[in-house]
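J.: This is the content of target-v3.pdb (PDB, C-alpha atoms):
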```pdb
ATOM      1  CA  MET A 283      95.806 108.451 129.430  1.00  0.00           C
ATOM      2  CA  SER A 284      93.087 109.138 126.859  1.00  0.00           C
ATOM      3  CA  GLY A 285      94.357 106.271 124.670  1.00  0.00           C
ATOM      4  CA  PHE A 286      94.052 103.981 127.695  1.00  0.00           C
ATOM      5  CA  TYR A 287      90.437 105.018 128.318  1.00  0.00           C
ATOM      6  CA  GLN A 288      89.553 104.608 124.633  1.00  0.00           C
ATOM      7  CA  ARG A 289      90.892 101.055 124.726  1.00  0.00           C
ATOM      8  CA  LEU A 290      88.837 100.388 127.853  1.00  0.00           C
ATOM      9  CA  GLN A 291      85.642 101.654 126.259  1.00  0.00           C
ATOM     10  CA  ARG A 292      86.176  99.588 123.110  1.00  0.00           C
ATOM     11  CA  LEU A 293      86.217  96.340 125.100  1.00  0.00           C
ATOM     12  CA  GLU A 294      83.155  94.099 124.983  1.00  0.00           C
ATOM     13  CA  SER A 295      81.215  94.074 128.259  1.00  0.00           C
ATOM     14  CA  ARG A 296      82.592  90.765 129.612  1.00  0.00           C
ATOM     15  CA  ARG A 297      86.153  92.024 129.186  1.00  0.00           C
ATOM     16  CA  GLN A 298      85.246  95.304 130.895  1.00  0.00           C
ATOM     17  CA  GLN A 299      83.737  93.289 133.751  1.00  0.00           C
ATOM     18  CA  ALA A 300      86.936  91.244 134.085  1.00  0.00           C
ATOM     19  CA  PHE A 301      88.951  94.495 134.175  1.00  0.00           C
ATOM     20  CA  MET A 302      86.709  95.907 136.915  1.00  0.00           C
ATOM     21  CA  ALA A 303      86.783  92.675 138.906  1.00  0.00           C
ATOM     22  CA  ALA A 304      90.594  92.734 138.979  1.00  0.00           C
ATOM     23  CA  LEU A 305      90.562  96.362 140.167  1.00  0.00           C
ATOM     24  CA  CYS A 306      87.955  95.529 142.816  1.00  0.00           C
ATOM     25  CA  GLU A 307      90.282  92.798 144.122  1.00  0.00           C
ATOM     26  CA  ARG A 308      92.902  95.481 144.834  1.00  0.00           C
ATOM     27  CA  LEU A 309      90.324  97.753 146.492  1.00  0.00           C
ATOM     28  CA  LEU A 310      88.900  95.093 148.828  1.00  0.00           C
ATOM     29  CA  PRO A 311      91.697  95.264 151.449  1.00  0.00           C
ATOM     30  CA  ASN A 312      90.958  98.996 151.946  1.00  0.00           C
ATOM     31  CA  HIS A 313      87.376  98.115 152.897  1.00  0.00           C
ATOM     32  CA  ALA A 314      88.492  95.289 155.201  1.00  0.00           C
ATOM     33  CA  PHE A 315      91.142  97.540 156.757  1.00  0.00           C
ATOM     34  CA  TYR A 316      88.551 100.235 157.511  1.00  0.00           C
ATOM     35  CA  HIS A 317      86.145  97.755 159.108  1.00  0.00           C
ATOM     36  CA  GLN A 318      88.880  96.152 161.174  1.00  0.00           C
ATOM     37  CA  ALA A 319      90.003  99.538 162.514  1.00  0.00           C
ATOM     38  CA  ARG A 320      86.540 101.010 162.885  1.00  0.00           C
ATOM     39  CA  TYR A 321      84.447  98.180 164.209  1.00  0.00           C
ATOM     40  CA  ALA A 322      86.967  96.380 166.365  1.00  0.00           C
ATOM     41  CA  GLN A 323      86.296  98.986 169.047  1.00  0.00           C
ATOM     42  CA  THR A 324      82.672  99.937 168.279  1.00  0.00           C
ATOM     43  CA  THR A 325      79.486  98.359 167.012  1.00  0.00           C
ATOM     44  CA  GLY A 326      80.621  95.212 165.278  1.00  0.00           C
ATOM     45  CA  ARG A 327      78.496  96.327 162.298  1.00  0.00           C
ATOM     46  CA  GLY A 328      79.734  95.625 158.800  1.00  0.00           C
ATOM     47  CA  ASN A 329      81.191  92.499 157.330  1.00  0.00           C
ATOM     48  CA  PRO A 330      84.202  92.752 155.025  1.00  0.00           C
ATOM     49  CA  GLN A 331      83.640  89.101 154.040  1.00  0.00           C
ATOM     50  CA  ALA A 332      80.401  90.146 152.341  1.00  0.00           C
ATOM     51  CA  LEU A 333      82.336  92.019 149.630  1.00  0.00           C
ATOM     52  CA  ARG A 334      84.613  89.016 149.139  1.00  0.00           C
ATOM     53  CA  ALA A 335      81.590  86.727 148.698  1.00  0.00           C
ATOM     54  CA  ILE A 336      79.954  89.070 146.161  1.00  0.00           C
ATOM     55  CA  LEU A 337      83.156  89.463 144.154  1.00  0.00           C
ATOM     56  CA  ASP A 338      83.615  85.658 144.164  1.00  0.00           C
ATOM     57  CA  LEU A 339      80.178  85.379 142.507  1.00  0.00           C
ATOM     58  CA  VAL A 340      81.251  87.891 139.846  1.00  0.00           C
ATOM     59  CA  TRP A 341      84.312  85.759 139.032  1.00  0.00           C
ATOM     60  CA  GLU A 342      82.051  82.698 138.873  1.00  0.00           C
ATOM     61  CA  ARG A 343      79.792  84.429 136.334  1.00  0.00           C
ATOM     62  CA  LEU A 344      82.833  85.488 134.270  1.00  0.00           C
ATOM     63  CA  ALA A 345      84.030  81.871 134.178  1.00  0.00           C
ATOM     64  CA  VAL A 346      80.610  80.221 133.733  1.00  0.00           C
ATOM     65  CA  LYS A 347      78.429  82.270 131.395  1.00  0.00           C
ATOM     66  CA  ASP A 348      75.198  80.483 132.364  1.00  0.00           C
ATOM     67  CA  ALA A 349      75.762  80.705 136.137  1.00  0.00           C
ATOM     68  CA  ARG A 350      72.415  81.769 137.607  1.00  0.00           C
ATOM     69  CA  ILE A 351      73.197  84.530 140.095  1.00  0.00           C
ATOM     70  CA  ASP A 352      70.771  87.179 141.339  1.00  0.00           C
ATOM     71  CA  PHE A 353      72.944  90.283 141.044  1.00  0.00           C
ATOM     72  CA  ALA A 354      70.083  92.575 142.112  1.00  0.00           C
ATOM     73  CA  LEU A 355      70.060  90.730 145.447  1.00  0.00           C
ATOM     74  CA  GLN A 356      73.866  90.977 145.641  1.00  0.00           C
ATOM     75  CA  ALA A 357      73.598  94.735 145.046  1.00  0.00           C
ATOM     76  CA  GLU A 358      71.220  95.002 148.027  1.00  0.00           C
ATOM     77  CA  LYS A 359      73.660  93.064 150.228  1.00  0.00           C
ATOM     78  CA  LEU A 360      76.490  95.282 149.020  1.00  0.00           C
ATOM     79  CA  ALA A 361      74.640  98.508 149.873  1.00  0.00           C
ATOM     80  CA  GLU A 362      74.506  97.359 153.522  1.00  0.00           C
ATOM     81  CA  GLN A 363      78.317  97.296 153.613  1.00  0.00           C
ATOM     82  CA  ALA A 364      78.852 100.969 152.774  1.00  0.00           C
ATOM     83  CA  PRO A 365      80.318 103.067 155.603  1.00  0.00           C
ATOM     84  CA  SER A 366      77.920 105.427 157.334  1.00  0.00           C
ATOM     85  CA  ALA A 367      77.331 108.672 155.443  1.00  0.00           C
ATOM     86  CA  ASP A 368      78.247 110.475 158.697  1.00  0.00           C
ATOM     87  CA  ASP A 369      81.785 109.106 158.594  1.00  0.00           C
ATOM     88  CA  ASP A 370      83.969 111.384 156.478  1.00  0.00           C
ATOM     89  CA  SER A 371      87.281 109.863 157.574  1.00  0.00           C
ATOM     90  CA  PHE A 372      89.961 108.953 155.057  1.00  0.00           C
ATOM     91  CA  GLY A 373      89.401 105.241 155.736  1.00  0.00           C
ATOM     92  CA  ALA A 374      85.646 105.553 155.216  1.00  0.00           C
ATOM     93  CA  ARG A 375      86.138 107.281 151.869  1.00  0.00           C
ATOM     94  CA  ARG A 376      88.470 104.526 150.651  1.00  0.00           C
ATOM     95  CA  ALA A 377      86.071 101.824 151.929  1.00  0.00           C
ATOM     96  CA  SER A 378      83.241 103.621 150.117  1.00  0.00           C
ATOM     97  CA  GLU A 379      85.327 103.547 146.918  1.00  0.00           C
ATOM     98  CA  ALA A 380      85.587  99.773 147.171  1.00  0.00           C
ATOM     99  CA  VAL A 381      81.813  99.474 147.632  1.00  0.00           C
ATOM    100  CA  ALA A 382      81.108 101.936 144.784  1.00  0.00           C
ATOM    101  CA  ALA A 383      83.491 100.119 142.407  1.00  0.00           C
ATOM    102  CA  LEU A 384      81.887  96.757 143.127  1.00  0.00           C
ATOM    103  CA  SER A 385      78.446  98.364 142.804  1.00  0.00           C
ATOM    104  CA  ALA A 386      79.356  99.748 139.350  1.00  0.00           C
ATOM    105  CA  LEU A 387      80.506  96.261 138.349  1.00  0.00           C
ATOM    106  CA  LEU A 388      77.202  94.746 139.540  1.00  0.00           C
ATOM    107  CA  ASP A 389      75.340  97.398 137.511  1.00  0.00           C
ATOM    108  CA  THR A 390      76.990  96.081 134.335  1.00  0.00           C
ATOM    109  CA  LEU A 391      75.885  92.543 135.194  1.00  0.00           C
ATOM    110  CA  GLN A 392      72.270  93.707 135.510  1.00  0.00           C
ATOM    111  CA  GLY A 393      72.104  95.808 132.366  1.00  0.00           C
ATOM    112  CA  GLU A 394      73.751  98.673 130.530  1.00  0.00           C
ATOM    113  CA  ALA A 395      76.225 100.814 132.466  1.00  0.00           C
ATOM    114  CA  PRO A 396      78.532 102.166 129.742  1.00  0.00           C
ATOM    115  CA  GLU A 397      80.538 104.481 132.019  1.00  0.00           C
ATOM    116  CA  ALA A 398      81.108 101.933 134.792  1.00  0.00           C
ATOM    117  CA  VAL A 399      84.509 100.728 133.588  1.00  0.00           C
ATOM    118  CA  LEU A 400      85.852 104.305 133.451  1.00  0.00           C
ATOM    119  CA  GLU A 401      84.389 105.080 136.888  1.00  0.00           C
ATOM    120  CA  VAL A 402      86.152 102.100 138.459  1.00  0.00           C
ATOM    121  CA  SER A 403      89.469 102.883 136.776  1.00  0.00           C
ATOM    122  CA  LYS A 404      89.341 106.539 137.823  1.00  0.00           C
ATOM    123  CA  ALA A 405      88.154 105.729 141.364  1.00  0.00           C
ATOM    124  CA  SER A 406      91.120 103.418 141.922  1.00  0.00           C
ATOM    125  CA  ARG A 407      93.557 106.076 140.681  1.00  0.00           C
ATOM    126  CA  GLY A 408      91.720 108.746 142.684  1.00  0.00           C
ATOM    127  CA  GLY A 409      92.153 106.792 145.910  1.00  0.00           C
ATOM    128  CA  VAL A 410      95.890 106.529 145.290  1.00  0.00           C
ATOM    129  CA  ARG A 411      96.064 110.277 144.566  1.00  0.00           C
ATOM    130  CA  ALA A 412      94.161 111.055 147.809  1.00  0.00           C
ATOM    131  CA  PHE A 413      96.504 108.808 149.809  1.00  0.00           C
ATOM    132  CA  ILE A 414      99.595 110.513 148.371  1.00  0.00           C
ATOM    133  CA  GLU A 415      98.107 113.956 149.089  1.00  0.00           C
ATOM    134  CA  LEU A 416      97.328 112.880 152.674  1.00  0.00           C
ATOM    135  CA  THR A 417     100.755 111.392 153.380  1.00  0.00           C
ATOM    136  CA  GLU A 418     102.945 113.938 151.588  1.00  0.00           C
ATOM    137  CA  GLY A 419     101.284 117.086 152.965  1.00  0.00           C
ATOM    138  CA  GLU A 420     102.419 119.321 150.105  1.00  0.00           C
ATOM    139  CA  GLU A 421     100.625 122.686 149.974  1.00  0.00           C
ATOM    140  CA  ASP A 422     101.824 123.916 146.581  1.00  0.00           C
ATOM    141  CA  GLY A 423      99.417 122.664 143.874  1.00  0.00           C
ATOM    142  CA  GLU A 424     101.983 122.301 141.100  1.00  0.00           C
ATOM    143  CA  ARG A 425     104.521 120.554 143.314  1.00  0.00           C
ATOM    144  CA  LEU A 426     101.801 118.248 144.620  1.00  0.00           C
ATOM    145  CA  ALA A 427     100.674 117.360 141.072  1.00  0.00           C
ATOM    146  CA  ALA A 428     104.281 116.484 140.161  1.00  0.00           C
ATOM    147  CA  LEU A 429     104.666 114.516 143.386  1.00  0.00           C
ATOM    148  CA  VAL A 430     101.519 112.504 142.654  1.00  0.00           C
ATOM    149  CA  ARG A 431     102.520 111.876 139.042  1.00  0.00           C
ATOM    150  CA  ASP A 432     106.012 110.619 139.998  1.00  0.00           C
ATOM    151  CA  HIS A 433     105.062 108.801 143.216  1.00  0.00           C
ATOM    152  CA  PRO A 434     105.907 105.052 143.344  1.00  0.00           C
ATOM    153  CA  LEU A 435     102.324 104.209 144.410  1.00  0.00           C
ATOM    154  CA  MET A 436     100.878 106.020 141.381  1.00  0.00           C
ATOM    155  CA  ALA A 437     103.438 104.385 139.091  1.00  0.00           C
ATOM    156  CA  ASP A 438     102.425 101.020 140.558  1.00  0.00           C
ATOM    157  CA  GLU A 439      98.718 101.799 140.028  1.00  0.00           C
ATOM    158  CA  ASN A 440      99.282 102.850 136.414  1.00  0.00           C
ATOM    159  CA  ASP A 441     101.432  99.766 135.715  1.00  0.00           C
ATOM    160  CA  PHE A 442      98.803  97.544 137.331  1.00  0.00           C
ATOM    161  CA  GLN A 443      95.937  98.967 135.274  1.00  0.00           C
ATOM    162  CA  ASP A 444      98.033  98.692 132.096  1.00  0.00           C
ATOM    163  CA  ALA A 445      98.769  95.024 132.886  1.00  0.00           C
ATOM    164  CA  VAL A 446      95.095  94.270 133.571  1.00  0.00           C
ATOM    165  CA  LEU A 447      93.989  95.979 130.355  1.00  0.00           C
ATOM    166  CA  GLU A 448      96.538  94.006 128.342  1.00  0.00           C
ATOM    167  CA  ALA A 449      95.355  90.779 129.981  1.00  0.00           C
ATOM    168  CA  VAL A 450      91.671  91.365 129.225  1.00  0.00           C
ATOM    169  CA  GLU A 451      92.438  92.317 125.618  1.00  0.00           C
ATOM    170  CA  GLY A 452      93.861  88.805 125.102  1.00  0.00           C
ATOM    171  CA  PRO A 453      92.253  85.364 125.463  1.00  0.00           C
ATOM    172  CA  LEU A 454      89.946  85.175 128.494  1.00  0.00           C
ATOM    173  CA  GLY A 455      89.355  81.514 129.275  1.00  0.00           C
ATOM    174  CA  ARG A 456      89.232  79.915 132.714  1.00  0.00           C
ATOM    175  CA  ASP A 457      93.037  79.851 133.183  1.00  0.00           C
ATOM    176  CA  GLU A 458      93.424  83.481 132.095  1.00  0.00           C
ATOM    177  CA  LEU A 459      90.663  84.529 134.505  1.00  0.00           C
ATOM    178  CA  LYS A 460      92.451  82.715 137.358  1.00  0.00           C
ATOM    179  CA  ALA A 461      95.690  84.506 136.483  1.00  0.00           C
ATOM    180  CA  LEU A 462      93.858  87.833 136.295  1.00  0.00           C
ATOM    181  CA  ARG A 463      92.302  87.250 139.692  1.00  0.00           C
ATOM    182  CA  ARG A 464      95.730  86.464 141.181  1.00  0.00           C
ATOM    183  CA  LEU A 465      97.085  89.657 139.624  1.00  0.00           C
ATOM    184  CA  GLY A 466      94.218  91.633 141.185  1.00  0.00           C
ATOM    185  CA  ARG A 467      94.648  90.060 144.610  1.00  0.00           C
ATOM    186  CA  ASN A 468      98.223  91.350 144.581  1.00  0.00           C
ATOM    187  CA  GLU A 469      99.108  89.085 147.537  1.00  0.00           C
ATOM    188  CA  GLY A 470      96.603  90.938 149.712  1.00  0.00           C
ATOM    189  CA  VAL A 471      98.152  94.390 149.197  1.00  0.00           C
ATOM    190  CA  SER A 472      95.733  97.142 148.198  1.00  0.00           C
ATOM    191  CA  ASN A 473      96.244  99.937 145.671  1.00  0.00           C
ATOM    192  CA  LEU A 474      97.346 102.095 148.635  1.00  0.00           C
ATOM    193  CA  GLY A 475     100.064  99.633 149.584  1.00  0.00           C
ATOM    194  CA  LEU A 476      98.067  98.514 152.657  1.00  0.00           C
ATOM    195  CA  SER A 477      97.746  94.930 153.806  1.00  0.00           C
ATOM    196  CA  LEU A 478      95.901  93.291 156.700  1.00  0.00           C
ATOM    197  CA  ASP A 479      98.773  90.825 157.208  1.00  0.00           C
TER     198      ASP A 479
END
```
Take the structure I supplied and represent it as structure tokens, if you would.

T.:
Amino acid sequence: MSGFYQRLQRLESRRQQAFMAALCERLLPNHAFYHQARYAQTTGRGNPQALRAILDLVWERLAVKDARIDFALQAEKLAEQAPSADDDSFGARRASEAVAALSALLDTLQGEAPEAVLEVSKASRGGVRAFIELTEGEEDGERLAALVRDHPLMADENDFQDAVLEAVEGPLGRDELKALRRLGRNEGVSNLGLSLD
């Protein structure tokens, strides 16, 4: 894995941003899923479409270098979408990961955030690990580590991140960005294998 992270860190910032944007695409359904489950029966607070709109602006900036977008304002809007700090449910933690990943990406668009790309990569893998731990219920630490390492969801996550890294290391014109976005959207299925459809 260390070779993977070294390659990530060597990328110029726009390529790192494209990598993070693709990962955020796969995290978005977890946030939408949480809000659908949580707010359908309660307050109606929270708007999963807000994250979609912010991420769309990121893709626009990646495609059009001179696009004038106030990312500080977008960061404020994003902060309003984080689950309540009182909610420590599994769904809230995964929704928070989506918000944190997009927030790290916005940080890079507003200035220097050298660790952001590693944070987003590790957060996406961490969510998959947490999901496997939750669903497999294995008590033994060594067996659980092996289970996580060999689990189809983790293999899928690793393959996905490898594919995204390879894509952003190559040409990154408008068509390549569209293809990268499609790859990230993963037909609406999140890194946890969840879909709203």

J.: For the structure provided, state which residues fall under the PyMOL selection byres ((chain A and resi 378) around 12), and present them as a VMD selection string.

T.: chain A and resid 306 309 to 317 330 333 360 to 367 369 to 377 379 to 385 405 to 406 409

J.: Apply the PyMOL selection byres ((chain A and resi 397) around 12) to the structure shown and report the selected residues as a count of residues only.

T.: 24

J.: Just to confirm, what's the straight-line distance from CA of Leu435 (chain A) to CA of Leu474 (chain A) in Å (one decimal)?

T.: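 Going from CA of Leu435 (chain A) over to CA of Leu474 (chain A), I get 6.9 Å.
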
J.: With distances taken over all atoms listed in the file, which of A:Gly470, A:Asp479, A:Ile351, A:Ala449 is nearest to Leu293 (chain A)?

T.: A:Ala449

J.: My list of candidates is A:Ala332, A:Met436, A:Leu339, A:Ala461. Which is closest to Phe353 (chain A) when distances are computed with only C-alpha atoms?

T.: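 Selected residue with least distance to Phe353 (chain A): A:Leu339.
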
J.: For CA of Val446 (chain A) and CA of Phe301 (chain A), quote the distance in Å rounded to one decimal.

T.: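 Value for the CA of Val446 (chain A)-CA of Phe301 (chain A) distance: 6.2 Å.
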
J.: Could you please determine the separation between CA of Phe413 (chain A) and CA of Trp341 (chain A) in Å, to one decimal place?

T.: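 Here the two named atoms are 28.2 Å from each other.
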
J.: With all atoms listed in the file as the basis for distance, which of A:Ala349, A:Ala445, A:Arg467, A:Asn473 is at the shortest distance from Arg411 (chain A)?

T.: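 The shortest atom-to-atom distance to Arg411 (chain A) comes from A:Asn473.
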
J.: Would you mind telling me which residue in A:Arg320, A:Arg297, A:Arg407, A:Arg289 lies nearest to Asp438 (chain A) when using only C-alpha atoms?

T.: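 Using only C-alpha atoms, Asp438 (chain A) sits closest to A:Arg407.
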
J.: Give me the residues near Leu388 (chain A) as a list in words, where near means some atom within 8 Å (using only C-alpha atoms) and where sequence neighbours in that chain fewer than 6 positions away do not count.

T.: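 Selected residues are Val340, Phe353, Ala354, Gln356 and Ala357 of chain A.
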
J.: Under the rule that all atoms listed in the file are counted, which of A:Arg308, A:Arg350, A:Ala300, A:Ser284 is the nearest residue to Leu454 (chain A)?

T.: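 Of A:Arg308, A:Arg350, A:Ala300, A:Ser284, the one nearest Leu454 (chain A), counting all atoms listed in the file, is A:Ala300.
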
J.: From the list A:Leu447, A:Ala428, A:Leu344, A:Ala412, which residue is nearest Leu305 (chain A) when using all atoms listed in the file?

T.: A:Leu447

J.: Within 7 Å of Ala304 (chain A), counting all atoms listed in the file, which residues show up once you throw out same-chain ones fewer than 6 positions away? Write them as a list of chain:residue names, please.

T.: A:Leu462, A:Arg463, A:Gly466
